[in-house]
>>> print(open('target_27.cif').read())   # mmCIF, C-alpha atoms and all ligand atoms
data_structure
loop_
_atom_site.label_atom_id
_atom_site.label_comp_id
_atom_site.auth_asym_id
_atom_site.auth_seq_id
_atom_site.Cartn_x
_atom_site.Cartn_y
_atom_site.Cartn_z
CA MET M 1 0.73 -26.78 -23.57
CA ALA M 2 1.91 -24.49 -26.37
CA SER M 3 -0.68 -23.52 -28.93
CA SER M 4 -1.04 -20.96 -31.64
CA ALA M 5 -3.78 -18.37 -31.12
CA ALA M 6 -5.05 -19.08 -34.63
CA SER M 7 -8.71 -18.98 -33.63
CA ASN M 8 -10.62 -15.96 -32.39
CA PRO M 9 -10.40 -15.22 -28.66
CA ARG M 10 -13.27 -16.57 -26.55
CA HIS M 11 -12.80 -13.85 -23.96
CA ILE M 12 -11.66 -10.27 -24.59
CA ALA M 13 -11.02 -7.80 -21.77
CA ILE M 14 -10.70 -4.08 -22.46
CA VAL M 15 -9.30 -1.10 -20.56
CA MET M 16 -11.23 1.68 -22.29
CA ASP M 17 -8.76 4.53 -21.88
CA GLY M 18 -8.55 7.89 -23.60
CA ASN M 19 -12.00 9.40 -23.17
CA GLY M 20 -10.66 12.52 -21.47
CA ARG M 21 -8.02 13.19 -24.15
CA TRP M 22 -10.57 12.57 -26.90
CA ALA M 23 -12.76 15.29 -25.39
CA ARG M 24 -9.88 17.69 -24.75
CA LYS M 25 -8.78 17.44 -28.39
CA ARG M 26 -12.25 18.70 -29.28
CA LEU M 27 -12.28 21.40 -26.58
CA MET M 28 -15.13 19.56 -24.89
CA PRO M 29 -15.60 18.71 -21.19
CA ARG M 30 -14.26 15.26 -20.17
CA GLY M 31 -17.81 14.03 -19.62
CA MET M 32 -18.43 14.30 -23.36
CA GLY M 33 -15.54 11.89 -23.86
CA HIS M 34 -17.15 9.37 -21.50
CA LYS M 35 -20.47 9.80 -23.33
CA ALA M 36 -18.75 9.07 -26.65
CA GLY M 37 -17.08 6.15 -24.85
CA VAL M 38 -20.48 4.61 -24.16
CA ASP M 39 -21.38 4.83 -27.86
CA ALA M 40 -18.09 3.12 -28.75
CA LEU M 41 -18.75 0.42 -26.18
CA VAL M 42 -22.20 -0.38 -27.58
CA LYS M 43 -20.71 -0.80 -31.06
CA VAL M 44 -17.85 -2.95 -29.81
CA VAL M 45 -20.27 -5.22 -27.93
CA GLN M 46 -22.14 -5.76 -31.19
CA ALA M 47 -18.89 -6.37 -33.09
CA CYS M 48 -17.77 -8.95 -30.52
CA ALA M 49 -21.11 -10.76 -30.73
CA ASP M 50 -20.81 -10.79 -34.55
CA ARG M 51 -17.34 -12.35 -34.22
CA ASN M 52 -18.58 -15.10 -31.87
CA VAL M 53 -16.63 -13.75 -28.91
CA GLU M 54 -18.34 -15.35 -25.91
CA PHE M 55 -17.12 -13.06 -23.11
CA LEU M 56 -16.31 -9.35 -23.17
CA THR M 57 -15.16 -7.69 -19.95
CA VAL M 58 -14.75 -3.92 -19.75
CA PHE M 59 -13.20 -1.70 -17.08
CA ALA M 60 -15.96 0.88 -16.59
CA PHE M 61 -15.01 2.25 -13.18
CA SER M 62 -12.00 1.26 -11.13
CA SER M 63 -11.62 1.21 -7.35
CA GLU M 64 -9.17 4.10 -7.89
CA ASN M 65 -11.51 6.24 -10.02
CA TRP M 66 -13.10 7.68 -6.84
CA LYS M 67 -9.97 9.90 -6.70
CA ARG M 68 -11.23 11.86 -9.72
CA PRO M 69 -12.96 15.22 -9.22
CA GLU M 70 -16.39 14.80 -7.60
CA GLU M 71 -18.06 16.26 -10.67
CA GLU M 72 -16.50 13.65 -12.98
CA VAL M 73 -17.38 10.78 -10.62
CA SER M 74 -21.02 11.85 -10.35
CA GLY M 75 -21.08 12.41 -14.12
CA LEU M 76 -19.90 8.82 -14.69
CA MET M 77 -22.58 7.49 -12.30
CA SER M 78 -25.32 9.45 -14.10
CA LEU M 79 -23.96 8.35 -17.47
CA LEU M 80 -24.14 4.73 -16.37
CA LEU M 81 -27.82 5.11 -15.43
CA VAL M 82 -28.61 6.86 -18.74
CA ALA M 83 -26.63 4.29 -20.73
CA LEU M 84 -28.47 1.38 -19.12
CA SER M 85 -31.89 2.91 -19.68
CA LYS M 86 -31.00 3.74 -23.30
CA HIS M 87 -29.28 0.52 -24.38
CA LEU M 88 -30.44 -2.32 -22.13
CA VAL M 89 -33.45 -3.43 -24.18
CA ARG M 90 -31.49 -3.50 -27.45
CA LEU M 91 -28.53 -5.32 -25.89
CA SER M 92 -30.83 -7.89 -24.36
CA ALA M 93 -32.67 -8.41 -27.66
CA ASP M 94 -29.24 -9.07 -29.23
CA GLY M 95 -28.63 -11.89 -26.73
CA VAL M 96 -26.23 -10.01 -24.46
CA ARG M 97 -26.06 -11.09 -20.84
CA ILE M 98 -24.81 -8.37 -18.50
CA ARG M 99 -22.87 -9.28 -15.39
CA ILE M 100 -21.19 -7.01 -12.89
CA ALA M 101 -17.79 -7.56 -11.25
CA GLY M 102 -16.83 -5.23 -8.43
CA ASP M 103 -17.55 -4.02 -4.94
CA LEU M 104 -21.14 -2.82 -5.07
CA ALA M 105 -21.40 -2.47 -1.28
CA HIS M 106 -20.05 1.07 -1.51
CA VAL M 107 -21.84 2.45 -4.54
CA SER M 108 -25.09 4.39 -4.25
CA PRO M 109 -28.27 2.29 -3.93
CA LYS M 110 -29.57 3.84 -7.17
CA VAL M 111 -26.53 2.73 -9.18
CA ARG M 112 -26.39 -0.65 -7.43
CA ASP M 113 -30.06 -1.32 -8.15
CA ALA M 114 -29.66 -0.36 -11.82
CA LEU M 115 -26.68 -2.70 -12.21
CA LEU M 116 -28.41 -5.60 -10.46
CA ASP M 117 -31.56 -4.96 -12.49
CA ALA M 118 -29.53 -5.17 -15.73
CA GLU M 119 -28.03 -8.47 -14.54
CA GLN M 120 -31.42 -9.87 -13.68
CA LYS M 121 -33.18 -8.70 -16.88
CA THR M 122 -30.53 -10.27 -19.12
CA ALA M 123 -29.85 -13.42 -17.10
CA HIS M 124 -31.56 -15.62 -19.71
CA ASN M 125 -29.23 -14.49 -22.55
CA SER M 126 -26.28 -16.57 -23.68
CA ARG M 127 -24.89 -15.19 -26.94
CA LEU M 128 -22.31 -12.87 -25.33
CA THR M 129 -21.62 -12.22 -21.66
CA LEU M 130 -20.67 -8.58 -21.12
CA THR M 131 -19.06 -8.16 -17.72
CA VAL M 132 -18.98 -4.57 -16.56
CA ALA M 133 -16.17 -4.17 -14.04
CA PHE M 134 -17.51 -1.47 -11.77
CA ASN M 135 -15.78 -0.27 -8.63
CA TYR M 136 -13.43 -3.10 -9.50
CA GLY M 137 -9.76 -3.63 -8.73
CA GLY M 138 -7.68 -6.73 -9.37
CA ARG M 139 -6.23 -6.65 -5.87
CA TRP M 140 -9.70 -6.21 -4.37
CA ASP M 141 -10.82 -9.29 -6.32
CA ILE M 142 -7.99 -11.47 -4.99
CA VAL M 143 -8.63 -10.30 -1.41
CA GLN M 144 -12.40 -10.83 -1.62
CA ALA M 145 -11.84 -14.32 -3.09
CA CYS M 146 -9.56 -15.24 -0.16
CA GLN M 147 -12.07 -13.84 2.31
CA LYS M 148 -14.95 -15.77 0.72
CA ALA M 149 -13.00 -19.04 0.74
CA LEU M 150 -11.89 -18.59 4.36
CA ARG M 151 -15.44 -17.70 5.43
CA GLU M 152 -16.59 -20.96 3.82
CA GLY M 153 -14.14 -22.77 6.05
CA VAL M 154 -11.45 -23.62 3.50
CA ALA M 155 -8.32 -24.53 5.46
CA PRO M 156 -5.19 -22.45 4.65
CA GLU M 157 -3.36 -25.51 3.27
CA ALA M 158 -6.36 -26.31 1.04
CA LEU M 159 -6.36 -22.79 -0.46
CA ASP M 160 -4.84 -23.61 -3.84
CA GLU M 161 -5.15 -21.89 -7.23
CA ALA M 162 -8.25 -23.82 -8.29
CA THR M 163 -10.04 -23.01 -5.02
CA LEU M 164 -9.19 -19.33 -5.28
CA ALA M 165 -10.23 -19.21 -8.95
CA ARG M 166 -13.67 -20.52 -7.96
CA HIS M 167 -14.10 -17.55 -5.63
CA MET M 168 -12.97 -14.79 -7.99
CA ALA M 169 -15.61 -12.32 -9.13
CA MET M 170 -15.69 -13.76 -12.65
CA ALA M 171 -15.51 -17.46 -11.77
CA TYR M 172 -18.17 -18.08 -14.45
CA ALA M 173 -15.85 -17.06 -17.30
CA PRO M 174 -12.70 -18.57 -18.77
CA ASP M 175 -9.61 -16.38 -18.29
CA PRO M 176 -9.31 -13.61 -20.90
CA ASP M 177 -7.38 -14.68 -23.99
CA LEU M 178 -6.80 -11.10 -25.10
CA LEU M 179 -6.48 -7.92 -23.04
CA ILE M 180 -6.74 -4.72 -25.05
CA ARG M 181 -5.86 -1.31 -23.63
CA THR M 182 -6.63 1.74 -25.72
CA GLY M 183 -5.28 5.26 -25.21
CA GLY M 184 -1.57 4.59 -25.61
CA GLU M 185 -0.64 3.81 -22.01
CA VAL M 186 1.21 0.52 -21.49
CA ARG M 187 0.04 -0.77 -18.13
CA ILE M 188 -2.66 -2.97 -16.59
CA SER M 189 -3.83 -0.48 -13.91
CA ASN M 190 -5.06 -3.09 -11.42
CA PHE M 191 -7.48 -4.69 -13.90
CA LEU M 192 -7.89 -8.50 -13.96
CA LEU M 193 -4.55 -9.27 -12.26
CA TRP M 194 -5.34 -12.89 -11.45
CA GLN M 195 -7.26 -13.70 -14.62
CA CYS M 196 -4.79 -12.16 -17.09
CA ALA M 197 -1.81 -14.31 -16.05
CA TYR M 198 -1.60 -15.73 -19.58
CA ALA M 199 -3.61 -13.21 -21.58
CA GLU M 200 -2.07 -11.79 -24.73
CA LEU M 201 -1.70 -8.04 -24.23
CA VAL M 202 -2.41 -5.62 -27.08
CA PHE M 203 -1.91 -1.89 -26.54
CA SER M 204 -3.55 0.47 -29.00
CA ASP M 205 -2.86 4.19 -29.41
CA CYS M 206 -6.47 4.70 -30.46
CA LEU M 207 -8.46 6.78 -27.96
CA TRP M 208 -11.42 4.72 -26.74
CA PRO M 209 -14.23 6.79 -28.33
CA ASP M 210 -12.55 6.21 -31.73
CA PHE M 211 -12.27 2.44 -31.20
CA ASP M 212 -14.50 0.56 -33.62
CA ALA M 213 -14.96 -2.81 -35.35
CA ALA M 214 -11.94 -2.20 -37.62
CA GLN M 215 -9.74 -1.44 -34.59
CA LEU M 216 -11.09 -4.55 -32.88
CA ASP M 217 -10.23 -6.63 -35.94
CA ALA M 218 -6.68 -5.25 -35.93
CA CYS M 219 -6.28 -6.26 -32.25
CA ILE M 220 -7.70 -9.74 -32.95
CA ALA M 221 -5.37 -10.12 -35.95
CA ASP M 222 -2.42 -9.21 -33.70
CA TYR M 223 -3.63 -11.79 -31.15
CA ARG M 224 -3.94 -14.47 -33.82
CA ARG M 225 -0.31 -14.00 -34.83
CA ARG M 226 0.86 -14.78 -31.29
CA GLU M 227 2.02 -18.18 -30.18
CA ARG M 228 0.52 -18.98 -26.80
CA ARG M 229 2.96 -21.04 -24.78
CA PHE M 230 1.51 -20.98 -21.24
CA GLY M 231 5.04 -21.49 -19.91
CA ASP M 232 5.79 -24.39 -22.27
CA VAL M 233 8.46 -24.28 -25.02
CA GLY M 234 7.35 -22.98 -28.39
CA ALA M 235 6.92 -25.01 -31.55
CA ASP M 236 10.27 -24.71 -33.38
CA PRO M 237 9.94 -25.83 -37.01
CA ALA M 238 13.75 -26.32 -37.19
CA GLU M 239 13.74 -28.78 -34.30
CA PRO M 240 13.65 -32.50 -35.30
CA LEU M 241 10.60 -34.40 -34.06
CA ALA M 242 11.23 -36.96 -31.32
CA SER M 243 11.15 -40.48 -32.74
C1 LIG M 301 -10.70 6.16 -18.96
O1 LIG M 301 -10.53 7.31 -19.76
C2 LIG M 301 -12.09 5.79 -18.92
C3 LIG M 301 -12.85 5.72 -17.78
C4 LIG M 301 -12.34 6.00 -16.44
C5 LIG M 301 -14.24 5.34 -17.84
C6 LIG M 301 -14.60 4.41 -18.96
C7 LIG M 301 -16.04 4.49 -19.13
C8 LIG M 301 -16.71 4.41 -20.29
C9 LIG M 301 -16.12 4.12 -21.62
C10 LIG M 301 -18.14 4.61 -20.30
C11 LIG M 301 -18.90 3.42 -19.79
C12 LIG M 301 -18.89 3.39 -18.34
C13 LIG M 301 -19.67 4.08 -17.51
C14 LIG M 301 -19.30 4.15 -16.08
C15 LIG M 301 -20.88 4.77 -17.94
P1 LIG M 301 -9.85 8.56 -19.10
O2 LIG M 301 -10.90 9.44 -18.54
O3 LIG M 301 -8.82 8.14 -18.09
O4 LIG M 301 -9.17 9.21 -20.34
P2 LIG M 301 -7.79 10.03 -20.36
O5 LIG M 301 -6.70 9.04 -20.00
O6 LIG M 301 -7.71 10.48 -21.77
O7 LIG M 301 -7.94 11.14 -19.39
#
>>> encode(input="target_27.cif", output="structure tokens")
Amino acid sequence: MASSAASNPRHIAIVMDGNGRWARKRLMPRGMGHKAGVDALVKVVQACADRNVEFLTVFAFSSENWKRPEEEVSGLMSLLLVALSKHLVRLSADGVRIRIAGDLAHVSPKVRDALLDAEQKTAHNSRLTLTVAFNYGGRWDIVQACQKALREGVAPEALDEATLARHMAMAYAPDPDLLIRTGGEVRISNFLLWQCAYAELVFSDCLWPDFDAAQLDACIADYRRRERRFGDVGADPAEPLAS
């Protein structure tokens, strides 16, 4: 069914890219860019809640990010722990529910426990669900969904789209309406491959630490100008209506 995207998106997904370049421009180590990225994220979460966005999903650490220098990877892990201890109480008081999507089997017990603790402590909130994609990859998600379904005994011929969707990591959320990538690159980088089949894509040149409520509004305005067709034909005002 074709529809205009005139209303605000219910679900926004973000690839928060550009932290490293933001830091380099300031002659700072890359880790300072990630730290500034956390501050930007906290503000964007608040801005989304204020705009009645129900789901925000952010790519915090991809399955491929392990390839980065050991020092940067351990810096990101420490930053995550610091960020949770610094912001969790405030986020929870603001009605934010935190959920994690990703393969936690291979992250350190300390990081895993902190992520699961954040999920558990905010489970009662319902204003905005913030999904932190951590050690996440879109291909991993599709494979784990197939594995889960097969383990449950779903027969191959019964494995249809609806069944698979129920086994994806974010089965609790509607598909993203809007996918934003900051940092000027124009690619999806193995983010929500299944879920973004019909998302509107907005690419921003803004480096993530500089992304703020005004940038978010510009992306939402761009989204609202789109006509969402979901494979259907568009509304053509010149076309006569069927009698
Ligand atoms: C990409 O920028 C960003 C990341 C790999 C991490 C994003 C993380 C945050 C915003 C902080 C919140 C998450 C955690 C884990 C605490 P980049 O480093 O690829 O930037 P570049 O393209 O300019 O080098």
>>> residues_near_point(input="target_27.cif", point="(-4.9, 3.1, -27.8)", cutoff="8 Å", atoms="only C-alpha atoms", output="PyMOL selection string")
chain M and resi 17-18+181-185+203-208
>>> write_last_selection(input="target_27.cif", atoms="C-alpha atoms", output="PDB file, in the frame of the given file")
ATOM      1  CA  ASP M  17      -8.760   4.530 -21.880  1.00  0.00           C
ATOM      2  CA  GLY M  18      -8.550   7.890 -23.600  1.00  0.00           C
ATOM      3  CA  ARG M 181      -5.860  -1.310 -23.630  1.00  0.00           C
ATOM      4  CA  THR M 182      -6.630   1.740 -25.720  1.00  0.00           C
ATOM      5  CA  GLY M 183      -5.280   5.260 -25.210  1.00  0.00           C
ATOM      6  CA  GLY M 184      -1.570   4.590 -25.610  1.00  0.00           C
ATOM      7  CA  GLU M 185      -0.640   3.810 -22.010  1.00  0.00           C
ATOM      8  CA  PHE M 203      -1.910  -1.890 -26.540  1.00  0.00           C
ATOM      9  CA  SER M 204      -3.550   0.470 -29.000  1.00  0.00           C
ATOM     10  CA  ASP M 205      -2.860   4.190 -29.410  1.00  0.00           C
ATOM     11  CA  CYS M 206      -6.470   4.700 -30.460  1.00  0.00           C
ATOM     12  CA  LEU M 207      -8.460   6.780 -27.960  1.00  0.00           C
ATOM     13  CA  TRP M 208     -11.420   4.720 -26.740  1.00  0.00           C
TER      14      TRP M 208
END
>>> atom_distance(input="target_27.cif", atom1="CA of His106 (chain M)", atom2="atom C6 of ligand LIG 301 (chain M)")
18.6 Å
>>> residues_around(input="target_27.cif", residues="region 56-73 of chain M", least_positions_apart="4", cutoff="7 Å", atoms="all atoms listed in the file", output="PyMOL selection string")
chain M and resi 11-16+31+77+129-137
>>> write_last_selection(input="target_27.cif", atoms="C-alpha atoms", output="CSV table (one decimal), in the frame of the given file")
chain,number,residue,atom,x,y,z
M,11,HIS,CA,-12.8,-13.8,-24.0
M,12,ILE,CA,-11.7,-10.3,-24.6
M,13,ALA,CA,-11.0,-7.8,-21.8
M,14,ILE,CA,-10.7,-4.1,-22.5
M,15,VAL,CA,-9.3,-1.1,-20.6
M,16,MET,CA,-11.2,1.7,-22.3
M,31,GLY,CA,-17.8,14.0,-19.6
M,77,MET,CA,-22.6,7.5,-12.3
M,129,THR,CA,-21.6,-12.2,-21.7
M,130,LEU,CA,-20.7,-8.6,-21.1
M,131,THR,CA,-19.1,-8.2,-17.7
M,132,VAL,CA,-19.0,-4.6,-16.6
M,133,ALA,CA,-16.2,-4.2,-14.0
M,134,PHE,CA,-17.5,-1.5,-11.8
M,135,ASN,CA,-15.8,-0.3,-8.6
M,136,TYR,CA,-13.4,-3.1,-9.5
M,137,GLY,CA,-9.8,-3.6,-8.7
>>> residues_near_point(input="target_27.cif", point="(6.1, -22.2, -18.3)", cutoff="12 Å", atoms="all atoms listed in the file", output="PyMOL selection string")
chain M and resi 1-2+197-198+228-234
>>> residues_around(input="target_27.cif", residues="Asn52 (chain M)", least_positions_apart="2", cutoff="9 Å", atoms="all atoms listed in the file", output="VMD selection string")
chain M and resid 8 to 10 47 to 50 54 127 to 128
>>> atom_distance(input="target_27.cif", atom1="atom C4 of ligand LIG 301 (chain M)", atom2="CA of Ala23 (chain M)")
12.9 Å
>>> atom_distance(input="target_27.cif", atom1="CA of Ile180 (chain M)", atom2="CA of Ala36 (chain M)")
18.4 Å
>>> closest_residue(input="target_27.cif", among="M:Asp117, M:Asp210, M:Glu152, M:Asp177", to="ligand LIG 301 (chain M)", atoms="only C-alpha atoms and all ligand atoms")
M:Asp210
>>> closest_residue(input="target_27.cif", among="M:Gly37, M:Pro174, M:Gly102, M:Gly153", to="Leu80 (chain M)", atoms="all atoms listed in the file")
M:Gly37
>>> closest_residue(input="target_27.cif", among="M:Trp194, M:Lys110, M:Leu91, M:Pro209", to="ligand LIG 301 (chain M)", atoms="only C-alpha atoms and all ligand atoms")
M:Pro209
>>> closest_residue(input="target_27.cif", among="M:Gln120, M:Ser85, M:Ser7, M:Gln46", to="ligand LIG 301 (chain M)", atoms="only C-alpha atoms and all ligand atoms")
M:Ser85
>>> closest_residue(input="target_27.cif", among="M:Pro176, M:Pro109, M:Gly95, M:Pro29", to="ligand LIG 301 (chain M)", atoms="only C-alpha atoms and all ligand atoms")
M:Pro29
>>> closest_residue(input="target_27.cif", among="M:Val111, M:Ala213, M:Ala93, M:Ala165", to="ligand LIG 301 (chain M)", atoms="all atoms listed in the file")
M:Val111
>>> decode(input="target_27.cif", residues="region 148-159 of chain M", atoms="all heavy atoms", output="PDB file, in the first residue's frame")
ATOM      1  N   LYS M 148      17.534 -20.361  15.202  1.00  0.00           N
ATOM      2  CA  LYS M 148      16.552 -20.436  16.291  1.00  0.00           C
ATOM      3  C   LYS M 148      15.282 -21.141  15.808  1.00  0.00           C
ATOM      4  O   LYS M 148      14.731 -22.006  16.501  1.00  0.00           O
ATOM      5  CB  LYS M 148      16.218 -19.015  16.756  1.00  0.00           C
ATOM      6  CG  LYS M 148      16.269 -18.832  18.270  1.00  0.00           C
ATOM      7  CD  LYS M 148      15.672 -17.504  18.671  1.00  0.00           C
ATOM      8  CE  LYS M 148      16.649 -16.359  18.655  1.00  0.00           C
ATOM      9  NZ  LYS M 148      15.997 -15.049  18.834  1.00  0.00           N
ATOM     10  N   ALA M 149      14.826 -20.764  14.626  1.00  0.00           N
ATOM     11  CA  ALA M 149      13.589 -21.359  14.089  1.00  0.00           C
ATOM     12  C   ALA M 149      13.783 -22.855  13.851  1.00  0.00           C
ATOM     13  O   ALA M 149      12.924 -23.668  14.222  1.00  0.00           O
ATOM     14  CB  ALA M 149      13.191 -20.647  12.802  1.00  0.00           C
ATOM     15  N   LEU M 150      14.922 -23.223  13.279  1.00  0.00           N
ATOM     16  CA  LEU M 150      15.161 -24.648  12.989  1.00  0.00           C
ATOM     17  C   LEU M 150      15.269 -25.448  14.285  1.00  0.00           C
ATOM     18  O   LEU M 150      14.750 -26.553  14.399  1.00  0.00           O
ATOM     19  CB  LEU M 150      16.422 -24.815  12.142  1.00  0.00           C
ATOM     20  CG  LEU M 150      16.348 -24.210  10.732  1.00  0.00           C
ATOM     21  CD1 LEU M 150      17.669 -24.351   9.999  1.00  0.00           C
ATOM     22  CD2 LEU M 150      15.219 -24.844   9.912  1.00  0.00           C
ATOM     23  N   ARG M 151      15.942 -24.842  15.281  1.00  0.00           N
ATOM     24  CA  ARG M 151      16.071 -25.517  16.584  1.00  0.00           C
ATOM     25  C   ARG M 151      14.699 -25.752  17.220  1.00  0.00           C
ATOM     26  O   ARG M 151      14.502 -26.716  17.940  1.00  0.00           O
ATOM     27  CB  ARG M 151      16.941 -24.670  17.519  1.00  0.00           C
ATOM     28  CG  ARG M 151      18.266 -25.319  17.830  1.00  0.00           C
ATOM     29  CD  ARG M 151      19.061 -24.499  18.822  1.00  0.00           C
ATOM     30  NE  ARG M 151      20.118 -23.767  18.157  1.00  0.00           N
ATOM     31  CZ  ARG M 151      20.278 -22.446  18.165  1.00  0.00           C
ATOM     32  NH1 ARG M 151      19.434 -21.687  18.838  1.00  0.00           N
ATOM     33  NH2 ARG M 151      21.261 -21.894  17.521  1.00  0.00           N
ATOM     34  N   GLU M 152      13.775 -24.817  16.955  1.00  0.00           N
ATOM     35  CA  GLU M 152      12.412 -24.974  17.498  1.00  0.00           C
ATOM     36  C   GLU M 152      11.614 -26.004  16.719  1.00  0.00           C
ATOM     37  O   GLU M 152      10.469 -26.271  17.040  1.00  0.00           O
ATOM     38  CB  GLU M 152      11.677 -23.635  17.426  1.00  0.00           C
ATOM     39  CG  GLU M 152      12.020 -22.719  18.571  1.00  0.00           C
ATOM     40  CD  GLU M 152      11.355 -21.353  18.410  1.00  0.00           C
ATOM     41  OE1 GLU M 152      10.419 -21.216  17.595  1.00  0.00           O
ATOM     42  OE2 GLU M 152      11.786 -20.441  19.113  1.00  0.00           O
ATOM     43  N   GLY M 153      12.187 -26.510  15.656  1.00  0.00           N
ATOM     44  CA  GLY M 153      11.518 -27.566  14.896  1.00  0.00           C
ATOM     45  C   GLY M 153      10.692 -27.067  13.735  1.00  0.00           C
ATOM     46  O   GLY M 153       9.865 -27.815  13.197  1.00  0.00           O
ATOM     47  N   VAL M 154      10.882 -25.801  13.333  1.00  0.00           N
ATOM     48  CA  VAL M 154      10.147 -25.293  12.168  1.00  0.00           C
ATOM     49  C   VAL M 154      10.642 -26.053  10.934  1.00  0.00           C
ATOM     50  O   VAL M 154      11.845 -26.153  10.693  1.00  0.00           O
ATOM     51  CB  VAL M 154      10.394 -23.773  11.992  1.00  0.00           C
ATOM     52  CG1 VAL M 154       9.766 -23.267  10.699  1.00  0.00           C
ATOM     53  CG2 VAL M 154       9.839 -23.002  13.189  1.00  0.00           C
ATOM     54  N   ALA M 155       9.715 -26.590  10.166  1.00  0.00           N
ATOM     55  CA  ALA M 155      10.092 -27.342   8.963  1.00  0.00           C
ATOM     56  C   ALA M 155      10.563 -26.371   7.887  1.00  0.00           C
ATOM     57  O   ALA M 155      10.062 -25.248   7.818  1.00  0.00           O
ATOM     58  CB  ALA M 155       8.888 -28.127   8.452  1.00  0.00           C
ATOM     59  N   PRO M 156      11.536 -26.772   7.041  1.00  0.00           N
ATOM     60  CA  PRO M 156      12.054 -25.856   6.010  1.00  0.00           C
ATOM     61  C   PRO M 156      10.953 -25.196   5.186  1.00  0.00           C
ATOM     62  O   PRO M 156      10.991 -24.000   4.922  1.00  0.00           O
ATOM     63  CB  PRO M 156      12.939 -26.754   5.148  1.00  0.00           C
ATOM     64  CG  PRO M 156      13.351 -27.855   6.047  1.00  0.00           C
ATOM     65  CD  PRO M 156      12.228 -28.063   7.021  1.00  0.00           C
ATOM     66  N   GLU M 157       9.923 -25.976   4.798  1.00  0.00           N
ATOM     67  CA  GLU M 157       8.865 -25.385   3.955  1.00  0.00           C
ATOM     68  C   GLU M 157       7.963 -24.432   4.751  1.00  0.00           C
ATOM     69  O   GLU M 157       7.224 -23.635   4.168  1.00  0.00           O
ATOM     70  CB  GLU M 157       8.035 -26.464   3.227  1.00  0.00           C
ATOM     71  CG  GLU M 157       7.443 -27.551   4.067  1.00  0.00           C
ATOM     72  CD  GLU M 157       8.448 -28.641   4.492  1.00  0.00           C
ATOM     73  OE1 GLU M 157       9.668 -28.540   4.202  1.00  0.00           O
ATOM     74  OE2 GLU M 157       7.986 -29.575   5.142  1.00  0.00           O
ATOM     75  N   ALA M 158       8.031 -24.498   6.085  1.00  0.00           N
ATOM     76  CA  ALA M 158       7.228 -23.579   6.907  1.00  0.00           C
ATOM     77  C   ALA M 158       8.016 -22.308   7.249  1.00  0.00           C
ATOM     78  O   ALA M 158       7.500 -21.394   7.872  1.00  0.00           O
ATOM     79  CB  ALA M 158       6.790 -24.279   8.190  1.00  0.00           C
ATOM     80  N   LEU M 159       9.285 -22.263   6.847  1.00  0.00           N
ATOM     81  CA  LEU M 159      10.131 -21.115   7.191  1.00  0.00           C
ATOM     82  C   LEU M 159       9.855 -19.974   6.211  1.00  0.00           C
ATOM     83  O   LEU M 159      10.543 -19.818   5.213  1.00  0.00           O
ATOM     84  CB  LEU M 159      11.611 -21.524   7.156  1.00  0.00           C
ATOM     85  CG  LEU M 159      12.614 -20.508   7.710  1.00  0.00           C
ATOM     86  CD1 LEU M 159      12.340 -20.210   9.173  1.00  0.00           C
ATOM     87  CD2 LEU M 159      14.029 -21.028   7.543  1.00  0.00           C
TER      88      LEU M 159
END
